[in-house]
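Structure data (mmCIF, C-alpha atoms) from run_6.cif:
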```cif
data_start
#
loop_
_atom_site.label_atom_id
_atom_site.label_comp_id
_atom_site.auth_asym_id
_atom_site.auth_seq_id
_atom_site.Cartn_x
_atom_site.Cartn_y
_atom_site.Cartn_z
CA MET P 1178 73.83 15.61 -50.22
CA SER P 1179 75.87 13.66 -52.69
CA GLY P 1180 77.33 10.25 -51.94
CA ARG P 1181 77.07 8.32 -48.70
CA THR P 1182 76.89 10.03 -45.35
CA ASN P 1183 76.91 8.49 -41.95
CA ARG P 1184 74.27 8.92 -39.25
CA GLY P 1185 76.33 11.51 -37.38
CA GLU P 1186 76.65 13.72 -40.45
CA ARG P 1187 72.92 13.50 -41.19
CA LEU P 1188 72.11 14.26 -37.55
CA ARG P 1189 74.47 17.25 -37.45
CA GLU P 1190 72.78 18.63 -40.60
CA ARG P 1191 69.29 18.43 -39.06
CA VAL P 1192 69.94 19.59 -35.48
CA PRO P 1193 71.90 22.67 -34.39
CA ALA P 1194 75.23 21.89 -32.66
CA GLY P 1195 74.13 23.47 -29.38
CA GLY P 1196 71.09 21.22 -29.23
CA LEU P 1197 73.18 18.09 -29.77
CA LEU P 1198 75.64 19.16 -27.11
CA LEU P 1199 72.75 19.75 -24.72
CA VAL P 1200 71.35 16.26 -25.42
CA VAL P 1201 74.72 14.59 -24.79
CA ALA P 1202 75.30 16.64 -21.61
CA GLY P 1203 71.78 15.81 -20.43
CA LEU P 1204 72.36 12.08 -20.96
CA PHE P 1205 75.63 12.18 -19.01
CA ALA P 1206 74.05 14.21 -16.19
CA ALA P 1207 70.96 11.99 -15.94
CA GLY P 1208 73.06 8.82 -16.08
CA ALA P 1209 75.43 10.07 -13.39
CA VAL P 1210 72.62 11.14 -11.03
CA VAL P 1211 70.61 7.92 -11.46
CA THR P 1212 73.71 5.76 -11.03
CA TRP P 1213 74.86 7.65 -7.91
CA LEU P 1214 71.47 7.46 -6.21
CA ALA P 1215 70.93 3.82 -7.11
CA VAL P 1216 74.41 2.70 -6.02
CA THR P 1217 73.87 4.47 -2.68
CA HIS P 1218 70.62 2.55 -2.11
CA LEU P 1219 72.23 -0.63 -3.45
CA ALA P 1220 74.94 -0.37 -0.78
CA TYR P 1221 72.27 -0.33 1.94
CA ALA P 1222 70.14 -3.07 0.34
CA SER P 1223 73.17 -5.35 0.02
CA GLY P 1224 74.30 -4.75 3.61
CA LEU P 1225 77.54 -3.00 2.66
CA ALA P 1226 76.50 0.23 4.37
CA GLY P 1227 74.33 1.22 7.32
CA THR P 1228 73.39 -0.41 10.59
CA SER P 1229 71.68 -3.77 10.36
CA GLY P 1230 68.58 -4.34 12.48
CA HIS P 1231 64.86 -5.05 12.62
CA LEU P 1232 61.74 -2.93 12.79
CA GLU P 1233 58.82 -4.14 14.88
CA VAL P 1234 55.85 -2.59 13.07
CA GLU P 1235 53.40 -1.03 15.54
CA ALA P 1236 51.21 1.06 13.23
CA CYS P 1237 50.81 2.09 9.62
CA THR P 1238 49.27 5.27 8.28
CA TRP P 1239 48.49 6.45 4.78
CA SER P 1240 48.96 9.87 3.23
CA ARG P 1241 47.51 11.25 0.01
CA SER P 1242 49.38 13.23 -2.59
CA GLY P 1243 48.45 13.84 -6.21
CA GLY P 1244 45.57 11.38 -6.12
CA HIS P 1245 47.75 8.53 -4.79
CA ARG P 1246 47.96 6.93 -1.36
CA TYR P 1247 51.36 6.29 0.26
CA PRO P 1248 52.04 4.01 3.26
CA HIS P 1249 54.12 4.99 6.29
CA CYS P 1250 54.79 2.29 8.86
CA HIS P 1251 56.10 3.12 12.33
CA GLY P 1252 57.62 1.13 15.12
CA VAL P 1253 60.74 0.36 17.11
CA PHE P 1254 64.02 -0.25 15.28
CA ARG P 1255 66.63 -2.29 17.13
CA SER P 1256 70.09 -2.81 15.68
CA ASP P 1257 71.39 -6.38 15.61
CA ASP P 1258 74.28 -5.44 17.88
CA GLY P 1259 71.97 -3.68 20.36
CA THR P 1260 73.68 -0.29 20.13
CA VAL P 1261 70.80 1.52 18.38
CA VAL P 1262 67.19 1.62 19.53
CA ASP P 1263 64.88 4.05 17.72
CA PRO P 1264 61.29 4.01 19.04
CA GLY P 1265 60.19 6.47 16.33
CA ALA P 1266 61.43 4.61 13.27
CA THR P 1267 59.40 5.08 10.08
CA ILE P 1268 59.66 3.47 6.66
CA ASP P 1269 57.56 4.33 3.63
CA SER P 1270 56.56 0.77 2.79
CA ARG P 1271 53.39 -1.23 3.16
CA LEU P 1272 53.97 -3.68 6.00
CA SER P 1273 51.78 -5.75 8.27
CA VAL P 1274 51.18 -4.38 11.76
CA GLY P 1275 52.84 -6.72 14.25
CA SER P 1276 55.41 -7.98 11.76
CA THR P 1277 59.17 -7.68 12.16
CA VAL P 1278 61.19 -6.74 9.08
CA GLY P 1279 64.91 -6.52 8.44
CA LEU P 1280 66.13 -2.99 7.67
CA ARG P 1281 69.35 -1.01 7.39
CA ARG P 1282 69.60 2.34 9.14
CA THR P 1283 71.19 4.88 6.79
CA ALA P 1284 73.77 7.52 7.67
CA SER P 1285 71.01 10.17 7.52
CA GLY P 1286 68.83 8.29 10.03
CA GLY P 1287 66.41 6.88 7.44
CA TYR P 1288 65.71 3.21 6.80
CA GLU P 1289 66.13 0.97 3.77
CA ARG P 1290 64.64 -2.45 3.04
CA THR P 1291 67.04 -5.35 2.68
CA GLY P 1292 66.74 -8.69 0.95
CA ALA P 1293 66.78 -10.03 -2.58
CA GLY P 1294 63.89 -7.87 -3.83
CA ALA P 1295 65.54 -4.62 -2.76
CA LEU P 1296 68.98 -5.78 -3.86
CA PHE P 1297 67.97 -6.75 -7.40
CA GLY P 1298 65.65 -3.76 -7.72
CA TRP P 1299 68.41 -1.26 -6.92
CA LEU P 1300 70.83 -3.24 -9.10
CA ALA P 1301 68.38 -2.80 -12.01
CA VAL P 1302 68.21 0.97 -11.41
CA SER P 1303 72.03 1.12 -11.19
CA LEU P 1304 72.29 -0.67 -14.53
CA LEU P 1305 69.75 1.75 -16.01
CA GLY P 1306 71.94 4.67 -14.92
CA LEU P 1307 75.00 3.04 -16.47
CA ALA P 1308 73.04 2.38 -19.66
CA VAL P 1309 72.13 6.08 -19.89
CA LEU P 1310 75.82 6.98 -19.45
CA VAL P 1311 76.79 4.55 -22.24
CA LEU P 1312 74.00 5.98 -24.41
CA GLY P 1313 75.53 9.42 -23.89
CA ALA P 1314 78.97 8.10 -24.87
CA THR P 1315 77.50 6.35 -27.91
CA THR P 1316 75.70 9.52 -29.00
CA ALA P 1317 78.89 11.56 -28.54
CA GLY P 1318 80.81 9.00 -30.61
CA VAL P 1319 78.27 9.08 -33.43
CA LEU P 1320 78.31 12.88 -33.44
CA ALA P 1321 82.11 12.92 -33.51
CA GLY P 1322 82.09 10.58 -36.50
CA ALA P 1323 83.87 7.69 -34.75
CA ARG P 1324 83.77 4.47 -36.75
CA GLY P 1325 84.33 1.47 -34.46
CA SER P 1326 83.53 2.65 -30.96
CA PRO P 1327 79.79 3.33 -31.42
CA ARG P 1328 79.27 -0.32 -32.40
CA LYS P 1329 81.13 -1.55 -29.30
CA LEU P 1330 79.27 0.91 -27.10
CA THR P 1331 75.98 -0.16 -28.66
CA LEU P 1332 76.76 -3.79 -27.78
CA LEU P 1333 77.66 -2.72 -24.23
CA LEU P 1334 74.40 -0.78 -24.05
CA ALA P 1335 72.43 -3.84 -25.17
CA GLY P 1336 74.18 -5.98 -22.55
CA LEU P 1337 73.47 -3.46 -19.78
CA LEU P 1338 69.80 -3.23 -20.76
CA ALA P 1339 69.46 -7.03 -20.88
CA ALA P 1340 71.09 -7.36 -17.44
CA MET P 1341 68.83 -4.58 -16.13
CA LEU P 1342 65.69 -6.36 -17.34
CA ILE P 1343 66.82 -9.67 -15.81
CA SER P 1344 67.65 -7.94 -12.52
CA ALA P 1345 64.30 -6.14 -12.48
CA PHE P 1346 62.49 -9.43 -13.14
CA VAL P 1347 64.39 -11.27 -10.37
CA GLY P 1348 63.82 -8.34 -8.00
CA GLY P 1349 60.11 -8.32 -8.79
CA VAL P 1350 59.74 -12.05 -8.24
CA ALA P 1351 61.74 -11.87 -5.00
CA GLY P 1352 59.70 -8.89 -3.83
CA ILE P 1353 56.41 -10.65 -4.52
CA ALA P 1354 57.63 -13.82 -2.83
CA GLY P 1355 58.75 -11.78 0.18
CA ALA P 1356 55.42 -9.95 0.35
CA TYR P 1357 53.61 -13.28 0.65
CA GLY P 1358 55.94 -14.65 3.30
CA GLY P 1359 57.93 -16.83 0.92
CA GLY P 1360 61.29 -15.16 1.42
CA PRO P 1361 63.28 -12.15 2.65
#
```
Represent the structure of the file as structure tokens.
Amino acid sequence: MSGRTNRGERLRERVPAGGLLLVVAGLFAAGAVVTWLAVTHLAYASGLAGTSGHLEVEACTWSRSGGHRYPHCHGVFRSDDGTVVDPGATIDSRLSVGSTVGLRRTASGGYERTGAGALFGWLAVSLLGLAVLVLGATTAGVLAGARGSPRKLTLLLAGLLAAMLISAFVGGVAGIAGAYGGGP
């Protein structure tokens, strides 16, 4: 190697082209899947999708899998408009028996938590998915030898990651406050 080479050229020399293509495709696929799933949950957590209502928690059970315990709380879900009553509603969250919690009924008949904790948590996961997509675009740009766009994409990536961390922090604080009765 004589003279200066850029990162893309050095990377192309060390890794076979098929492997680099697989990495970029994997980043785009992972980013797209994470973003799609998170935005779907974000729509329910924000109240943009689903049927709004409340679950009156009657009982909670625990299951074991892989050395971990998982909660399942059951009760009666009643929609706010009174059109849906589901006496067999279940949500996989740790709740207090006798409490009433706000939920959204999904199109598939499942239930999603609402409130600031859920909203900011799913926003953080959505931003993570977008960051992985931008990382894929940045990697593709570096491999293609682009000069200016990788820097701009890197700045966008940094902004997305910063926003994700802030959203995760706010979601965590809101979730903890909600768990102790200090909020939604």
P:Leu1305, P:Leu1337, P:Leu1225, P:Ala1321 ranked by distance to Thr1283 (chain P), top pick (using all atoms listed in the file) = P:Leu1225
Using all atoms listed in the file, which residues sit within 7 Å of Glu1289 (chain P) once same-chain residues fewer than 3 positions away are excluded, as an MDAnalysis selection string?
-> chainID P and resid 1221:1222 1280:1282
For the file shown, report as a PyMOL selection string the outcome of the PyMOL selection byres ((chain P and resi 1216-1219) around 12) at residue level.
-> chain P and resi 1208-1215+1220-1227+1281-1284+1287-1307
Point out the residue among P:Gly1286, P:Ala1345, P:Gly1355, P:Ala1317 with the least atom-to-atom distance to Leu1272 (chain P), counting all atoms listed in the file.
->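 When distances to Leu1272 (chain P) are compared using all atoms listed in the file, the smallest one comes from P:Gly1355.
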Given the file shown, enumerate the residues that the PyMOL selection byres ((chain P and resi 1351) around 8) captures and present them as a short mmCIF file (atom, residue, chain, number, x, y, z; two decimals) with C-alpha atoms, in the coordinates of the input.
```cif
data_model
loop_
_atom_site.label_atom_id
_atom_site.label_comp_id
_atom_site.auth_asym_id
_atom_site.auth_seq_id
_atom_site.Cartn_x
_atom_site.Cartn_y
_atom_site.Cartn_z
CA ALA P 1293 66.78 -10.03 -2.58
CA GLY P 1294 63.89 -7.87 -3.83
CA VAL P 1347 64.39 -11.27 -10.37
CA GLY P 1348 63.82 -8.34 -8.00
CA GLY P 1349 60.11 -8.32 -8.79
CA VAL P 1350 59.74 -12.05 -8.24
CA GLY P 1352 59.70 -8.89 -3.83
CA ILE P 1353 56.41 -10.65 -4.52
CA ALA P 1354 57.63 -13.82 -2.83
CA GLY P 1355 58.75 -11.78 0.18
CA GLY P 1360 61.29 -15.16 1.42
CA PRO P 1361 63.28 -12.15 2.65
#
```
Please, which residues in region 1262-1330 of chain P fall within 9 Å of region 1244-1251 of chain P when counting all atoms listed in the file, and what is the closest atom pair and distance in Å to one decimal for each, ordered by chain then residue number, as CSV?
```
residue,atom,partner,partner_atom,distance
P:Pro1264,CA,P:His1251,CA,8.5
P:Gly1265,CA,P:His1251,CA,6.6
P:Ala1266,CA,P:His1251,CA,5.6
P:Thr1267,CA,P:His1251,CA,4.4
P:Ile1268,CA,P:Cys1250,CA,5.5
P:Asp1269,CA,P:His1249,CA,4.4
P:Ser1270,CA,P:Pro1248,CA,5.6
P:Arg1271,CA,P:Pro1248,CA,5.4
P:Leu1272,CA,P:Cys1250,CA,6.7
P:Ser1273,CA,P:Cys1250,CA,8.6
P:Val1274,CA,P:Cys1250,CA,8.1
```
Write the selection just made, keeping C-alpha atoms, as a compact mmCIF listing (two decimals), keeping the file's coordinate frame?
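Saved to out-v1.txt:
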```
# COMPACT_ATOMS: atom_id res chain seq x y z
CA PRO P 1264 61.29 4.01 19.04
CA GLY P 1265 60.19 6.47 16.33
CA ALA P 1266 61.43 4.61 13.27
CA THR P 1267 59.40 5.08 10.08
CA ILE P 1268 59.66 3.47 6.66
CA ASP P 1269 57.56 4.33 3.63
CA SER P 1270 56.56 0.77 2.79
CA ARG P 1271 53.39 -1.23 3.16
CA LEU P 1272 53.97 -3.68 6.00
CA SER P 1273 51.78 -5.75 8.27
CA VAL P 1274 51.18 -4.38 11.76
```
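Shortest atom-to-atom contact with Val1200 (chain P) among P:Leu1342, P:Val1309, P:Leu1334, P:Leu1232: P:Val1309, counting all atoms listed in the file.
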Apply the PyMOL selection byres ((chain P and resi 1198) around 12) to the displayed file and report the matching residues as a PDB file with C-alpha atoms, in the coordinates of the input.
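Here's the written file selection.pdb:
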```pdb
ATOM      1  CA  ARG P1189      74.470  17.250 -37.450  1.00  0.00           C
ATOM      2  CA  VAL P1192      69.940  19.590 -35.480  1.00  0.00           C
ATOM      3  CA  PRO P1193      71.900  22.670 -34.390  1.00  0.00           C
ATOM      4  CA  ALA P1194      75.230  21.890 -32.660  1.00  0.00           C
ATOM      5  CA  GLY P1195      74.130  23.470 -29.380  1.00  0.00           C
ATOM      6  CA  GLY P1196      71.090  21.220 -29.230  1.00  0.00           C
ATOM      7  CA  LEU P1197      73.180  18.090 -29.770  1.00  0.00           C
ATOM      8  CA  LEU P1199      72.750  19.750 -24.720  1.00  0.00           C
ATOM      9  CA  VAL P1200      71.350  16.260 -25.420  1.00  0.00           C
ATOM     10  CA  VAL P1201      74.720  14.590 -24.790  1.00  0.00           C
ATOM     11  CA  ALA P1202      75.300  16.640 -21.610  1.00  0.00           C
ATOM     12  CA  GLY P1203      71.780  15.810 -20.430  1.00  0.00           C
ATOM     13  CA  LEU P1204      72.360  12.080 -20.960  1.00  0.00           C
ATOM     14  CA  PHE P1205      75.630  12.180 -19.010  1.00  0.00           C
ATOM     15  CA  GLY P1313      75.530   9.420 -23.890  1.00  0.00           C
ATOM     16  CA  ALA P1314      78.970   8.100 -24.870  1.00  0.00           C
ATOM     17  CA  THR P1316      75.700   9.520 -29.000  1.00  0.00           C
ATOM     18  CA  ALA P1317      78.890  11.560 -28.540  1.00  0.00           C
ATOM     19  CA  GLY P1318      80.810   9.000 -30.610  1.00  0.00           C
ATOM     20  CA  LEU P1320      78.310  12.880 -33.440  1.00  0.00           C
ATOM     21  CA  ALA P1321      82.110  12.920 -33.510  1.00  0.00           C
TER      22      ALA P1321
END
```
Near Asp1258 (chain P), within 12 Å and counting all atoms listed in the file, which residues show up once chain neighbours fewer than 3 positions away are dropped, as a ChimeraX atom specification?
-> /P:1228-1231,1254-1255,1261-1262
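The shell of residues at most 7 Å from Glu1233 (chain P), with all atoms listed in the file counted and near chain neighbours (fewer than 2 positions) removed, consists of His1231, Glu1235, Gly1252, Val1253, Phe1254, Gly1275, Ser1276, Thr1277 and Val1278 of chain P.
Take CA of Gly1279 (chain P) and CA of Ser1344 (chain P): the distance between them is 21.2 Å.
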Return the padded bounding box of region 1199-1214 of chain P as AutoDock Vina command-line options: axis-aligned, built from all atoms listed in the file, 4 Å added on each side, with centre and edge lengths in Å to one decimal.
```
--center_x 73.1 --center_y 12.8 --center_z -15.8 --size_x 13.0 --size_y 22.0 --size_z 27.2
```
What separation in Å, quoted to one decimal, exists between CA of Thr1315 (chain P) and CA of Ala1206 (chain P)?
-> 14.5 Å
For region 1206-1268 of chain P, write C-alpha atoms out as a PDB file, in the first residue's frame.
```
ATOM      1  CA  ALA P1206     -32.648  -5.828   7.760  1.00  0.00           C
ATOM      2  CA  ALA P1207     -32.136  -5.553  11.529  1.00  0.00           C
ATOM      3  CA  GLY P1208     -32.819  -1.808  11.483  1.00  0.00           C
ATOM      4  CA  ALA P1209     -35.995  -2.246   9.444  1.00  0.00           C
ATOM      5  CA  VAL P1210     -37.363  -5.038  11.671  1.00  0.00           C
ATOM      6  CA  VAL P1211     -36.584  -3.239  14.951  1.00  0.00           C
ATOM      7  CA  THR P1212     -38.032   0.031  13.655  1.00  0.00           C
ATOM      8  CA  TRP P1213     -41.218  -1.632  12.365  1.00  0.00           C
ATOM      9  CA  LEU P1214     -41.871  -3.524  15.593  1.00  0.00           C
ATOM     10  CA  ALA P1215     -41.094  -0.539  17.800  1.00  0.00           C
ATOM     11  CA  VAL P1216     -43.225   1.905  15.788  1.00  0.00           C
ATOM     12  CA  THR P1217     -46.139  -0.549  15.988  1.00  0.00           C
ATOM     13  CA  HIS P1218     -45.864  -0.674  19.789  1.00  0.00           C
ATOM     14  CA  LEU P1219     -45.257   3.089  19.897  1.00  0.00           C
ATOM     15  CA  ALA P1220     -48.580   3.660  18.109  1.00  0.00           C
ATOM     16  CA  TYR P1221     -50.398   1.729  20.844  1.00  0.00           C
ATOM     17  CA  ALA P1222     -48.437   3.302  23.715  1.00  0.00           C
ATOM     18  CA  SER P1223     -49.156   6.800  22.397  1.00  0.00           C
ATOM     19  CA  GLY P1224     -52.871   6.113  21.906  1.00  0.00           C
ATOM     20  CA  LEU P1225     -52.793   6.446  18.118  1.00  0.00           C
ATOM     21  CA  ALA P1226     -53.908   2.851  17.601  1.00  0.00           C
ATOM     22  CA  GLY P1227     -56.027   0.323  19.467  1.00  0.00           C
ATOM     23  CA  THR P1228     -58.985   0.541  21.796  1.00  0.00           C
ATOM     24  CA  SER P1229     -58.496   2.564  24.954  1.00  0.00           C
ATOM     25  CA  GLY P1230     -59.653   1.060  28.232  1.00  0.00           C
ATOM     26  CA  HIS P1231     -58.753  -0.222  31.692  1.00  0.00           C
ATOM     27  CA  LEU P1232     -57.870  -3.602  33.136  1.00  0.00           C
ATOM     28  CA  GLU P1233     -59.106  -4.473  36.616  1.00  0.00           C
ATOM     29  CA  VAL P1234     -56.412  -6.875  37.824  1.00  0.00           C
ATOM     30  CA  GLU P1235     -57.959  -9.928  39.517  1.00  0.00           C
ATOM     31  CA  ALA P1236     -54.975 -12.293  39.693  1.00  0.00           C
ATOM     32  CA  CYS P1237     -51.350 -12.601  38.710  1.00  0.00           C
ATOM     33  CA  THR P1238     -49.416 -15.768  37.983  1.00  0.00           C
ATOM     34  CA  TRP P1239     -45.767 -16.414  37.241  1.00  0.00           C
ATOM     35  CA  SER P1240     -44.204 -18.735  34.702  1.00  0.00           C
ATOM     36  CA  ARG P1241     -40.615 -19.945  34.464  1.00  0.00           C
ATOM     37  CA  SER P1242     -38.543 -20.138  31.325  1.00  0.00           C
ATOM     38  CA  GLY P1243     -34.779 -20.350  30.988  1.00  0.00           C
ATOM     39  CA  GLY P1244     -34.195 -19.735  34.680  1.00  0.00           C
ATOM     40  CA  HIS P1245     -36.283 -16.532  34.708  1.00  0.00           C
ATOM     41  CA  ARG P1246     -39.725 -15.796  36.119  1.00  0.00           C
ATOM     42  CA  TYR P1247     -42.295 -13.909  34.027  1.00  0.00           C
ATOM     43  CA  PRO P1248     -45.506 -12.276  35.326  1.00  0.00           C
ATOM     44  CA  HIS P1249     -48.942 -12.704  33.744  1.00  0.00           C
ATOM     45  CA  CYS P1250     -51.766 -10.626  35.185  1.00  0.00           C
ATOM     46  CA  HIS P1251     -55.398 -11.407  34.405  1.00  0.00           C
ATOM     47  CA  GLY P1252     -58.636  -9.552  34.817  1.00  0.00           C
ATOM     48  CA  VAL P1253     -61.489  -7.771  33.103  1.00  0.00           C
ATOM     49  CA  PHE P1254     -60.738  -5.243  30.364  1.00  0.00           C
ATOM     50  CA  ARG P1255     -63.398  -2.609  29.721  1.00  0.00           C
ATOM     51  CA  SER P1256     -63.052  -0.146  26.860  1.00  0.00           C
ATOM     52  CA  ASP P1257     -63.588   3.520  27.699  1.00  0.00           C
ATOM     53  CA  ASP P1258     -66.533   3.694  25.308  1.00  0.00           C
ATOM     54  CA  GLY P1259     -68.122   0.541  26.779  1.00  0.00           C
ATOM     55  CA  THR P1260     -68.171  -1.404  23.515  1.00  0.00           C
ATOM     56  CA  VAL P1261     -65.549  -4.003  24.532  1.00  0.00           C
ATOM     57  CA  VAL P1262     -65.589  -6.120  27.672  1.00  0.00           C
ATOM     58  CA  ASP P1263     -63.038  -8.939  27.873  1.00  0.00           C
ATOM     59  CA  PRO P1264     -63.256 -10.970  31.107  1.00  0.00           C
ATOM     60  CA  GLY P1265     -60.190 -13.029  30.113  1.00  0.00           C
ATOM     61  CA  ALA P1266     -57.751 -10.196  29.451  1.00  0.00           C
ATOM     62  CA  THR P1267     -54.088 -10.934  30.181  1.00  0.00           C
ATOM     63  CA  ILE P1268     -51.000  -8.744  30.111  1.00  0.00           C
TER      64      ILE P1268
END
```
